[in-house]
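Peer 1: Right, I'll just put the structure down here and ask away after.
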Amino acid sequence: MKYLKKYDYLLVGAGLFNAIIAYLAAKDGKKCLVVEKRNHIGGNVYCEDIEGINVHKYGAHIFHTKNKRIWQFMQSLTEFNHYINSPLAMYNNQLYNMPFNMNTFYQLWKTKTPAEAIAIIESQRLTVDNPRNLEEQALKLVGKDIYEKLIKGYTEKQWGKNAKELPPFIIKRIPLRFSYNNNYFDDPYQGIPIGGYNPIFRKCFASSDILLNTDFVTNSYLREKADKTIYTGMIDEYYDYCFGNLEYRSLRFEEEVLNIHSYQGNAVVNYTDSQIPYTRIIEHKYFEFGEQQKTVISKEYPDSWTKGKEPYYPINTTKNNSLYKQYESIAHKEKNLFFAGRLGEYKYNDMDQTVFNAIELYKKIN
Ligand code: FAD
């Protein structure tokens with residue numbers, strides 16, 4: 001009965017999506033109960049302080065957006081620094097700038113003008129109308145050298161499959177920049193929160209009650225405590241996999257604290273050789289221009305996903321998407337239960353899109 005309920009919202013998952021809901025709800029004087037199975041708030045955006053460095057525990061997170069309204073909204077939560085993501089790629093012990101731009105082309109071929117670079121790329125492009133797999137698609141888009149040195153090994157490690165066995169749609173386009181610009185993102189707004197991401201979550205959940213180390217699936221009676229539930233866990237798990245398992249790709253991180261000032265001189269270095277098992281090394285201090293005496297690095301290994309491992313990336317094949325649609329069709333019939341976020345909607349979204357979606361859902365259901 002409504003009058004016995006203590007909370008307006010039960011928020012399953014203390015990640016970015018529900019943080020924004022909690023923030024908006026608190027502004028409207030509403031009360032939230034948050035249930036999180038991990039031992040901390042922040043979801044995959046969580047940082048841990050190691051040697052005074054904010055370590056991105058679940059993979060590097062760089063905030064970037066084209067949406068001015070979302071950027072301004074984020075400024076109301078925290079102050080951002082002027083970090084610009086300019087990753088490097090290591091292949092065969094040689095460094096290349098990313099994204100593919102005039103610096104990369106100079107490193108590959110010593111070309112100095114856009115016309116010279118374009119001529120080489122055109123001469124290497126595969127002329128095929130309908131690429132049958134990812135390899136053909138990439139060769140069609142960027143030609144042999146860029147594909148073989150900077151795309152093939154990285155992509156095969158990411159997906160755990162030979163590029164010839166991967167569908168072409170995985171790579172829709174590969175941006176080539178004919179200017180000397182190493183800024184990875186095209187977005188006008190970009191940065192890292194000063195002091196890391198955790199203060200955002202502390203602010204958003206400040207007036208919520210939080211139950212950590214609590215899995216909603218085994219404590220679903222908690223739903224009775226609120227009028228509305230927003231569930232950001234795995235949709236197939238909620239329905240006890242009744243139509244079958246959705247597939248994910250997982251990651252494994254190997255973290256090292258090094259007693260040196262700097263390991264690689266940059267936040268992100270990708271490793272594009274297939275023989276090196278990790279895809280990238282993150283040196284966390286560079287997100288915040290750190291001057292600490294020590295440094296912390298994380299080697300990122302792509303991993304297959306099985307139940308119990310972290311489901312990082314949905315694998316949106318036609319088969320999985322139609323399985324998701326089956327779950328979605330029963331989810332739509334639920335009253336006052338909303339599936340949201342990356343796992344609830346089985347969709348990869350950058351943080352800006354996650355914030356946007358949370359604001360829109362709150363407007364709709366409030
Ligand atoms: P999550 O952060 O996953 O939060 C969901 C929470 O729900 C988790 O804390 C989980 O423990 C909890 N939960 C799940 N099931 C249950 C349950 N049954 N009971 C209780 N709790 C439960 N975006 C960018 O904009 N820039 C980047 O650089 C970037 N880098 C990324 C790197 C990686 C490796 C990944 C995977 C994503 C990256 N993203 C990035 C995307 C970003 O992480 C997401 O937009 C954002 O984290 C989504 O928030 P969420 O709340 O939907 O999900």
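By convention here, the chains of the structure tokens are called A, B, ... in the order presented, each chain's residues are numbered starting at 1, and ligands are numbered starting at 1 in the order presented.
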Residues within 10 Å of Tyr231 (chain A), please, as a list in words. Count only C-alpha atoms; anything in the same chain fewer than 5 positions from it doesn't count.
Peer 2: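 Final neighbour list, sorted by chain and number: Leu10, Leu11, Val12, Gly13, Phe17, Asn18, Val35, Phe216, Tyr238, Leu337, Phe338, Phe339, Ala340, Gly341, Leu343, Gly344 and Glu345 of chain A.
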Peer 1: Please produce a file of the residues just selected, as a CSV table (one decimal), in the first residue's frame, where the atoms kept are N, CA, C and O atoms.
Peer 2:
chain,number,residue,atom,x,y,z
A,10,LEU,N,13.3,3.3,-5.8
A,10,LEU,CA,14.3,2.3,-5.5
A,10,LEU,C,15.3,2.3,-6.7
A,10,LEU,O,14.8,2.1,-7.9
A,11,LEU,N,16.5,2.6,-6.5
A,11,LEU,CA,17.5,2.6,-7.6
A,11,LEU,C,18.4,1.4,-7.5
A,11,LEU,O,19.2,1.3,-6.6
A,12,VAL,N,18.3,0.5,-8.5
A,12,VAL,CA,19.1,-0.7,-8.5
A,12,VAL,C,20.4,-0.3,-9.3
A,12,VAL,O,20.3,-0.2,-10.5
A,13,GLY,N,21.5,-0.3,-8.6
A,13,GLY,CA,22.8,0.1,-9.3
A,13,GLY,C,23.2,1.5,-8.9
A,13,GLY,O,22.3,2.4,-9.1
A,17,PHE,N,24.0,6.4,-14.3
A,17,PHE,CA,22.5,6.6,-14.7
A,17,PHE,C,21.7,6.9,-13.4
A,17,PHE,O,21.1,7.9,-13.3
A,18,ASN,N,21.8,6.0,-12.4
A,18,ASN,CA,21.0,6.2,-11.2
A,18,ASN,C,21.5,7.4,-10.4
A,18,ASN,O,20.8,8.0,-9.6
A,35,VAL,N,20.4,0.4,-4.1
A,35,VAL,CA,20.9,-0.9,-3.9
A,35,VAL,C,22.0,-1.2,-4.8
A,35,VAL,O,21.8,-1.2,-6.0
A,216,PHE,N,20.3,-7.0,-5.8
A,216,PHE,CA,18.8,-6.9,-5.9
A,216,PHE,C,18.1,-8.2,-6.3
A,216,PHE,O,17.0,-8.5,-5.8
A,238,TYR,N,17.6,-10.3,-14.6
A,238,TYR,CA,16.4,-10.0,-13.9
A,238,TYR,C,15.3,-11.0,-14.2
A,238,TYR,O,14.5,-11.4,-13.3
A,337,LEU,N,8.3,-0.2,-13.0
A,337,LEU,CA,9.7,-0.7,-13.1
A,337,LEU,C,10.3,-0.4,-14.4
A,337,LEU,O,9.7,-0.7,-15.5
A,338,PHE,N,11.4,0.3,-14.4
A,338,PHE,CA,12.0,0.8,-15.6
A,338,PHE,C,13.5,0.2,-15.7
A,338,PHE,O,14.3,0.3,-14.8
A,339,PHE,N,13.8,-0.4,-16.9
A,339,PHE,CA,15.1,-0.9,-17.2
A,339,PHE,C,15.9,0.2,-17.9
A,339,PHE,O,15.4,0.7,-18.8
A,340,ALA,N,17.1,0.4,-17.3
A,340,ALA,CA,17.8,1.6,-17.9
A,340,ALA,C,19.3,1.3,-17.8
A,340,ALA,O,19.8,0.3,-17.2
A,341,GLY,N,20.1,2.3,-18.4
A,341,GLY,CA,21.5,2.2,-18.3
A,341,GLY,C,22.1,1.1,-19.3
A,341,GLY,O,21.3,0.5,-20.0
A,343,LEU,N,23.4,-1.9,-18.9
A,343,LEU,CA,23.0,-3.3,-18.8
A,343,LEU,C,21.5,-3.5,-18.9
A,343,LEU,O,21.0,-4.5,-19.4
A,344,GLY,N,20.7,-2.5,-18.4
A,344,GLY,CA,19.2,-2.6,-18.5
A,344,GLY,C,18.8,-2.5,-20.0
A,344,GLY,O,17.7,-3.1,-20.3
A,345,GLU,N,19.5,-1.7,-20.8
A,345,GLU,CA,19.1,-1.5,-22.2
A,345,GLU,C,20.0,-2.2,-23.2
A,345,GLU,O,19.8,-2.1,-24.4
Peer 1: Give me the residues within 7 Å of Tyr271 (chain A) as a PyMOL selection string, counting only C-alpha atoms and dropping any in the same chain fewer than 6 places off.
Peer 2: chain A and resi 89-91+154+278-280
Peer 1: Could you find all residues in region 121-314 of chain A that DSSP calls strand (DSSP E) from the backbone, and write them as a count of residues only?
Peer 2: 43
Peer 1: Find the residues near Asn183 (chain A): any atom within 10 Å, counting only C-alpha atoms, skip ones fewer than 2 places away on the same chain, and give them as number ranges by chain.
Peer 2: A: 84-87, 97-99, 101, 180-181, 185-187
Peer 1: Check which residues of region 165-223 of chain A sit at most 7 Å from region 126-140 of chain A using only C-alpha atoms, and return one row each with the closest pair of atoms and their distance in Å to one decimal, ordered by chain and rising number, as a tab-separated table.
Peer 2:
residue	atom	partner	partner_atom	distance
A:Glu165	CA	A:Asn133	CA	6.5
A:Leu166	CA	A:Leu134	CA	5.4
A:Pro167	CA	A:Asn133	CA	4.8
A:Pro168	CA	A:Leu134	CA	4.0
A:Ile170	CA	A:Leu134	CA	7.0
A:Ile171	CA	A:Leu134	CA	6.8
Peer 1: List the spatial neighbours of Ala117 (chain A) as a PDB file with N, CA, C and O atoms, in the first residue's frame - criterion: any atom at most 12 Å away, only C-alpha atoms, same-chain residues fewer than 3 positions off excluded.
Peer 2:
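Saved to part_19.pdb:
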ATOM      1  N   PHE A 100      44.038   8.586 -36.562  1.00  0.00           N
ATOM      2  CA  PHE A 100      44.888   8.615 -37.754  1.00  0.00           C
ATOM      3  C   PHE A 100      44.874  10.017 -38.369  1.00  0.00           C
ATOM      4  O   PHE A 100      43.852  10.509 -38.830  1.00  0.00           O
ATOM      5  N   ASN A 101      46.040  10.662 -38.322  1.00  0.00           N
ATOM      6  CA  ASN A 101      46.114  12.049 -38.806  1.00  0.00           C
ATOM      7  C   ASN A 101      47.473  12.278 -39.465  1.00  0.00           C
ATOM      8  O   ASN A 101      48.267  11.340 -39.612  1.00  0.00           O
ATOM      9  N   MET A 102      47.752  13.508 -39.824  1.00  0.00           N
ATOM     10  CA  MET A 102      48.979  13.795 -40.570  1.00  0.00           C
ATOM     11  C   MET A 102      50.236  13.371 -39.818  1.00  0.00           C
ATOM     12  O   MET A 102      51.236  13.009 -40.441  1.00  0.00           O
ATOM     13  N   ASN A 103      50.195  13.413 -38.461  1.00  0.00           N
ATOM     14  CA  ASN A 103      51.353  12.921 -37.693  1.00  0.00           C
ATOM     15  C   ASN A 103      51.536  11.419 -37.922  1.00  0.00           C
ATOM     16  O   ASN A 103      52.656  10.942 -38.109  1.00  0.00           O
ATOM     17  N   THR A 104      50.409  10.672 -37.885  1.00  0.00           N
ATOM     18  CA  THR A 104      50.473   9.216 -38.104  1.00  0.00           C
ATOM     19  C   THR A 104      51.019   8.918 -39.501  1.00  0.00           C
ATOM     20  O   THR A 104      51.855   8.022 -39.687  1.00  0.00           O
ATOM     21  N   PHE A 105      50.529   9.669 -40.491  1.00  0.00           N
ATOM     22  CA  PHE A 105      50.945   9.407 -41.875  1.00  0.00           C
ATOM     23  C   PHE A 105      52.445   9.704 -42.048  1.00  0.00           C
ATOM     24  O   PHE A 105      53.151   8.984 -42.749  1.00  0.00           O
ATOM     25  N   TYR A 106      52.922  10.740 -41.356  1.00  0.00           N
ATOM     26  CA  TYR A 106      54.356  11.044 -41.410  1.00  0.00           C
ATOM     27  C   TYR A 106      55.149   9.887 -40.795  1.00  0.00           C
ATOM     28  O   TYR A 106      56.179   9.451 -41.331  1.00  0.00           O
ATOM     29  N   GLN A 107      54.635   9.382 -39.648  1.00  0.00           N
ATOM     30  CA  GLN A 107      55.339   8.268 -38.984  1.00  0.00           C
ATOM     31  C   GLN A 107      55.320   6.998 -39.831  1.00  0.00           C
ATOM     32  O   GLN A 107      56.265   6.213 -39.814  1.00  0.00           O
ATOM     33  N   LEU A 108      54.249   6.809 -40.610  1.00  0.00           N
ATOM     34  CA  LEU A 108      54.156   5.621 -41.463  1.00  0.00           C
ATOM     35  C   LEU A 108      54.973   5.760 -42.736  1.00  0.00           C
ATOM     36  O   LEU A 108      55.672   4.832 -43.149  1.00  0.00           O
ATOM     37  N   TRP A 109      54.856   6.907 -43.398  1.00  0.00           N
ATOM     38  CA  TRP A 109      55.386   7.024 -44.771  1.00  0.00           C
ATOM     39  C   TRP A 109      56.272   8.253 -45.007  1.00  0.00           C
ATOM     40  O   TRP A 109      56.677   8.496 -46.132  1.00  0.00           O
ATOM     41  N   LYS A 110      56.455   9.069 -43.969  1.00  0.00           N
ATOM     42  CA  LYS A 110      57.220  10.329 -44.102  1.00  0.00           C
ATOM     43  C   LYS A 110      56.529  11.333 -45.037  1.00  0.00           C
ATOM     44  O   LYS A 110      57.169  12.231 -45.593  1.00  0.00           O
ATOM     45  N   THR A 111      55.234  11.205 -45.229  1.00  0.00           N
ATOM     46  CA  THR A 111      54.508  12.181 -46.053  1.00  0.00           C
ATOM     47  C   THR A 111      54.346  13.473 -45.268  1.00  0.00           C
ATOM     48  O   THR A 111      54.151  13.445 -44.056  1.00  0.00           O
ATOM     49  N   LYS A 112      54.396  14.604 -45.971  1.00  0.00           N
ATOM     50  CA  LYS A 112      54.318  15.886 -45.265  1.00  0.00           C
ATOM     51  C   LYS A 112      53.057  16.669 -45.617  1.00  0.00           C
ATOM     52  O   LYS A 112      52.664  17.577 -44.899  1.00  0.00           O
ATOM     53  N   THR A 113      52.426  16.331 -46.737  1.00  0.00           N
ATOM     54  CA  THR A 113      51.225  17.078 -47.126  1.00  0.00           C
ATOM     55  C   THR A 113      50.034  16.130 -47.223  1.00  0.00           C
ATOM     56  O   THR A 113      50.208  14.929 -47.479  1.00  0.00           O
ATOM     57  N   PRO A 114      48.821  16.683 -47.062  1.00  0.00           N
ATOM     58  CA  PRO A 114      47.623  15.853 -47.213  1.00  0.00           C
ATOM     59  C   PRO A 114      47.584  15.155 -48.576  1.00  0.00           C
ATOM     60  O   PRO A 114      47.233  13.979 -48.658  1.00  0.00           O
ATOM     61  N   ILE A 120      48.845   7.866 -51.121  1.00  0.00           N
ATOM     62  CA  ILE A 120      49.266   6.536 -50.626  1.00  0.00           C
ATOM     63  C   ILE A 120      48.058   5.729 -50.179  1.00  0.00           C
ATOM     64  O   ILE A 120      47.907   4.550 -50.517  1.00  0.00           O
ATOM     65  N   ILE A 121      47.171   6.378 -49.448  1.00  0.00           N
ATOM     66  CA  ILE A 121      45.987   5.644 -48.950  1.00  0.00           C
ATOM     67  C   ILE A 121      45.164   5.129 -50.135  1.00  0.00           C
ATOM     68  O   ILE A 121      44.764   3.966 -50.174  1.00  0.00           O
ATOM     69  N   GLU A 122      44.940   5.991 -51.122  1.00  0.00           N
ATOM     70  CA  GLU A 122      44.140   5.580 -52.291  1.00  0.00           C
ATOM     71  C   GLU A 122      44.790   4.394 -53.011  1.00  0.00           C
ATOM     72  O   GLU A 122      44.107   3.477 -53.448  1.00  0.00           O
ATOM     73  N   SER A 123      46.132   4.414 -53.095  1.00  0.00           N
ATOM     74  CA  SER A 123      46.814   3.332 -53.823  1.00  0.00           C
ATOM     75  C   SER A 123      46.717   2.001 -53.060  1.00  0.00           C
ATOM     76  O   SER A 123      46.910   0.942 -53.641  1.00  0.00           O
ATOM     77  N   GLN A 124      46.436   2.071 -51.750  1.00  0.00           N
ATOM     78  CA  GLN A 124      46.387   0.839 -50.935  1.00  0.00           C
ATOM     79  C   GLN A 124      44.972   0.347 -50.678  1.00  0.00           C
ATOM     80  O   GLN A 124      44.785  -0.741 -50.153  1.00  0.00           O
ATOM     81  N   VAL A 142      40.738   2.237 -45.278  1.00  0.00           N
ATOM     82  CA  VAL A 142      42.015   2.908 -44.990  1.00  0.00           C
ATOM     83  C   VAL A 142      43.234   2.297 -45.671  1.00  0.00           C
ATOM     84  O   VAL A 142      44.339   2.826 -45.524  1.00  0.00           O
ATOM     85  N   GLY A 143      43.071   1.184 -46.367  1.00  0.00           N
ATOM     86  CA  GLY A 143      44.230   0.594 -47.054  1.00  0.00           C
ATOM     87  C   GLY A 143      45.077  -0.276 -46.133  1.00  0.00           C
ATOM     88  O   GLY A 143      44.859  -0.365 -44.926  1.00  0.00           O
ATOM     89  N   ASP A 145      48.499  -0.501 -45.007  1.00  0.00           N
ATOM     90  CA  ASP A 145      49.438  -0.191 -43.900  1.00  0.00           C
ATOM     91  C   ASP A 145      48.709   0.162 -42.608  1.00  0.00           C
ATOM     92  O   ASP A 145      49.039  -0.354 -41.542  1.00  0.00           O
ATOM     93  N   ILE A 146      47.746   1.058 -42.698  1.00  0.00           N
ATOM     94  CA  ILE A 146      47.036   1.475 -41.476  1.00  0.00           C
ATOM     95  C   ILE A 146      46.316   0.274 -40.889  1.00  0.00           C
ATOM     96  O   ILE A 146      46.365   0.020 -39.681  1.00  0.00           O
ATOM     97  N   LEU A 176      39.743   9.560 -40.904  1.00  0.00           N
ATOM     98  CA  LEU A 176      41.113   9.912 -41.292  1.00  0.00           C
ATOM     99  C   LEU A 176      41.175  11.433 -41.275  1.00  0.00           C
ATOM    100  O   LEU A 176      40.328  12.090 -41.883  1.00  0.00           O
ATOM    101  N   ARG A 177      42.153  11.965 -40.582  1.00  0.00           N
ATOM    102  CA  ARG A 177      42.221  13.418 -40.433  1.00  0.00           C
ATOM    103  C   ARG A 177      43.427  13.950 -41.207  1.00  0.00           C
ATOM    104  O   ARG A 177      44.549  13.548 -40.922  1.00  0.00           O
ATOM    105  N   PHE A 178      43.177  14.829 -42.138  1.00  0.00           N
ATOM    106  CA  PHE A 178      44.292  15.336 -42.933  1.00  0.00           C
ATOM    107  C   PHE A 178      44.793  16.672 -42.387  1.00  0.00           C
ATOM    108  O   PHE A 178      45.024  17.632 -43.108  1.00  0.00           O
ATOM    109  N   SER A 179      44.938  16.704 -41.059  1.00  0.00           N
ATOM    110  CA  SER A 179      45.550  17.839 -40.372  1.00  0.00           C
ATOM    111  C   SER A 179      46.398  17.256 -39.250  1.00  0.00           C
ATOM    112  O   SER A 179      46.229  16.084 -38.884  1.00  0.00           O
TER     113      SER A 179
END
Peer 1: Counting only C-alpha atoms and all ligand atoms, which protein, DNA or RNA residues come within 8 Å of ligand 1, given as a PyMOL selection string?
Peer 2: chain A and resi 12-19+35-38+40-45+58-65+213-218+231-234+237-238+251+312-313+340-344+348-355
Peer 1: Using only C-alpha atoms, which of A:Gly153, A:Glu51, A:Gln275, A:Ser208 sits nearest Asn259 (chain A)?
Peer 2: A:Glu51
Peer 1: Taking 6 positions as the minimum chain separation for residues in the same chain, which residues sit within 7 Å of Asp303 (chain A) when counting only C-alpha atoms? Answer as a PyMOL selection string.
Peer 2: chain A and resi 249-252
Peer 1: Write the selection just made, keeping N, CA, C and O atoms, as a PDB file, in the first residue's frame?
Peer 2:
ATOM      1  N   ARG A 249      31.264  -8.868 -23.802  1.00  0.00           N
ATOM      2  CA  ARG A 249      32.714  -8.993 -23.813  1.00  0.00           C
ATOM      3  C   ARG A 249      33.186  -8.464 -22.463  1.00  0.00           C
ATOM      4  O   ARG A 249      32.649  -7.465 -21.954  1.00  0.00           O
ATOM      5  N   SER A 250      34.167  -9.130 -21.894  1.00  0.00           N
ATOM      6  CA  SER A 250      34.658  -8.677 -20.592  1.00  0.00           C
ATOM      7  C   SER A 250      36.074  -8.115 -20.718  1.00  0.00           C
ATOM      8  O   SER A 250      36.677  -8.149 -21.799  1.00  0.00           O
ATOM      9  N   LEU A 251      36.585  -7.590 -19.623  1.00  0.00           N
ATOM     10  CA  LEU A 251      37.943  -7.043 -19.577  1.00  0.00           C
ATOM     11  C   LEU A 251      38.589  -7.489 -18.276  1.00  0.00           C
ATOM     12  O   LEU A 251      37.894  -7.750 -17.296  1.00  0.00           O
ATOM     13  N   ARG A 252      39.911  -7.520 -18.282  1.00  0.00           N
ATOM     14  CA  ARG A 252      40.658  -7.812 -17.067  1.00  0.00           C
ATOM     15  C   ARG A 252      41.753  -6.748 -16.962  1.00  0.00           C
ATOM     16  O   ARG A 252      42.353  -6.388 -17.986  1.00  0.00           O
TER      17      ARG A 252
END
Peer 1: Would you mind reading off the distance between CA of Tyr23 (chain A) and CA of Lys203 (chain A), one decimal, in Å?
Peer 2: 7.7 Å
Peer 1: Would you return as a PyMOL selection string the members of region 211-286 of chain A that DSSP assigns to helix (DSSP H, G or I) on this structure's backbone?
Peer 2: chain A and resi 216-218+220-225+235-238+284-286
Peer 1: Applying 8 Å and only C-alpha atoms, which residues near region 359-364 of chain A remain after dropping the ones on its own chain fewer than 6 positions away? List them as JSON, numbers by chain.
Peer 2: {"A": [20, 21, 24]}
Peer 1: For Gln292 (chain A), which residue among A:Asn93, A:Asn321, A:Gln158, A:Ser262 is the nearest when counting only C-alpha atoms?
Peer 2: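 Going through A:Asn93, A:Asn321, A:Gln158, A:Ser262 one by one, the smallest distance to Gln292 (chain A) is for A:Ser262.
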Peer 1: So, counting only C-alpha atoms, which residue among A:Lys6, A:Lys319, A:Lys30, A:His284 is closest to Cys47 (chain A)?
Peer 2: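 The closest residue to Cys47 (chain A) is A:His284.
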Peer 1: What is the distance, in Å and to one decimal place, between CA of Ala267 (chain A) and CA of Gly290 (chain A)?
Peer 2: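 Straight-line distance from CA of Ala267 (chain A) to CA of Gly290 (chain A) works out to 10.7 Å.
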Peer 1: So which residues touch Leu323 (chain A) within 10 Å, counting only C-alpha atoms, skipping near sequence neighbours fewer than 3 positions away, as a list in words?
Peer 2: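 In the requested format, the answer is Asp236, Phe243, Gly244, Asn245, Leu246, Glu247, Thr317, Thr318, Lys319, Asn320, Gln326, Tyr327 and Glu328 of chain A.
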Peer 1: Store the residues of this selection in a file with N, CA and C atoms, as an mmCIF file, in the first residue's frame.
Peer 2:
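File produced: result12.cif:
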data_model
loop_
_atom_site.group_PDB
_atom_site.id
_atom_site.type_symbol
_atom_site.label_atom_id
_atom_site.label_comp_id
_atom_site.auth_asym_id
_atom_site.auth_seq_id
_atom_site.Cartn_x
_atom_site.Cartn_y
_atom_site.Cartn_z
ATOM 1 N N ASP A 236 18.552 -9.617 -18.699
ATOM 2 C CA ASP A 236 18.329 -11.071 -18.799
ATOM 3 C C ASP A 236 18.430 -11.742 -17.427
ATOM 4 N N PHE A 243 14.652 -16.355 -21.655
ATOM 5 C CA PHE A 243 14.749 -16.532 -23.120
ATOM 6 C C PHE A 243 16.156 -16.953 -23.539
ATOM 7 N N GLY A 244 17.085 -16.996 -22.590
ATOM 8 C CA GLY A 244 18.490 -17.321 -22.894
ATOM 9 C C GLY A 244 19.402 -16.165 -22.499
ATOM 10 N N ASN A 245 20.703 -16.429 -22.591
ATOM 11 C CA ASN A 245 21.737 -15.473 -22.175
ATOM 12 C C ASN A 245 22.061 -14.427 -23.225
ATOM 13 N N LEU A 246 22.118 -13.178 -22.850
ATOM 14 C CA LEU A 246 22.706 -12.173 -23.743
ATOM 15 C C LEU A 246 24.229 -12.296 -23.630
ATOM 16 N N GLU A 247 24.941 -11.939 -24.695
ATOM 17 C CA GLU A 247 26.402 -12.086 -24.653
ATOM 18 C C GLU A 247 27.100 -10.745 -24.427
ATOM 19 N N THR A 317 25.093 -8.274 -31.775
ATOM 20 C CA THR A 317 24.856 -8.987 -33.034
ATOM 21 C C THR A 317 23.345 -9.055 -33.257
ATOM 22 N N THR A 318 22.941 -9.426 -34.473
ATOM 23 C CA THR A 318 21.511 -9.527 -34.778
ATOM 24 C C THR A 318 20.841 -10.502 -33.813
ATOM 25 N N LYS A 319 21.529 -11.626 -33.545
ATOM 26 C CA LYS A 319 20.960 -12.646 -32.658
ATOM 27 C C LYS A 319 20.739 -12.073 -31.245
ATOM 28 N N ASN A 320 21.755 -11.417 -30.700
ATOM 29 C CA ASN A 320 21.615 -10.869 -29.341
ATOM 30 C C ASN A 320 20.584 -9.744 -29.291
ATOM 31 N N GLN A 326 13.083 -9.544 -27.030
ATOM 32 C CA GLN A 326 12.134 -10.407 -26.307
ATOM 33 C C GLN A 326 12.037 -9.968 -24.843
ATOM 34 N N TYR A 327 13.207 -9.712 -24.238
ATOM 35 C CA TYR A 327 13.187 -9.240 -22.847
ATOM 36 C C TYR A 327 12.505 -7.873 -22.756
ATOM 37 N N GLU A 328 12.824 -7.020 -23.730
ATOM 38 C CA GLU A 328 12.259 -5.662 -23.713
ATOM 39 C C GLU A 328 10.732 -5.714 -23.783
#
Peer 1: Measuring between only C-alpha atoms, which one of A:Ile365, A:Leu211, A:Leu88, A:Ile70 shows the shortest distance to Thr229 (chain A)?
Peer 2: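 Closest residue, counting only C-alpha atoms: A:Ile365.
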Peer 1: Return the single residue from A:Ile297, A:Ala226, A:Ala206, A:Val55 that is closest to Val269 (chain A), with distances computed using only C-alpha atoms.
Peer 2: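 Among A:Ile297, A:Ala226, A:Ala206, A:Val55, it is A:Ile297 that comes nearest to Val269 (chain A).
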Peer 1: If I take CA of Lys57 (chain A) and CA of Lys347 (chain A), how far is one from the other in Å, to one decimal?
Peer 2: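 About the pair CA of Lys57 (chain A) and CA of Lys347 (chain A): they are 20.8 Å apart.
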Peer 1: Nearest residue to Thr155 (chain A) out of A:Ser329, A:His56, A:Pro302, A:Glu310, using only C-alpha atoms?
Peer 2: A:Pro302
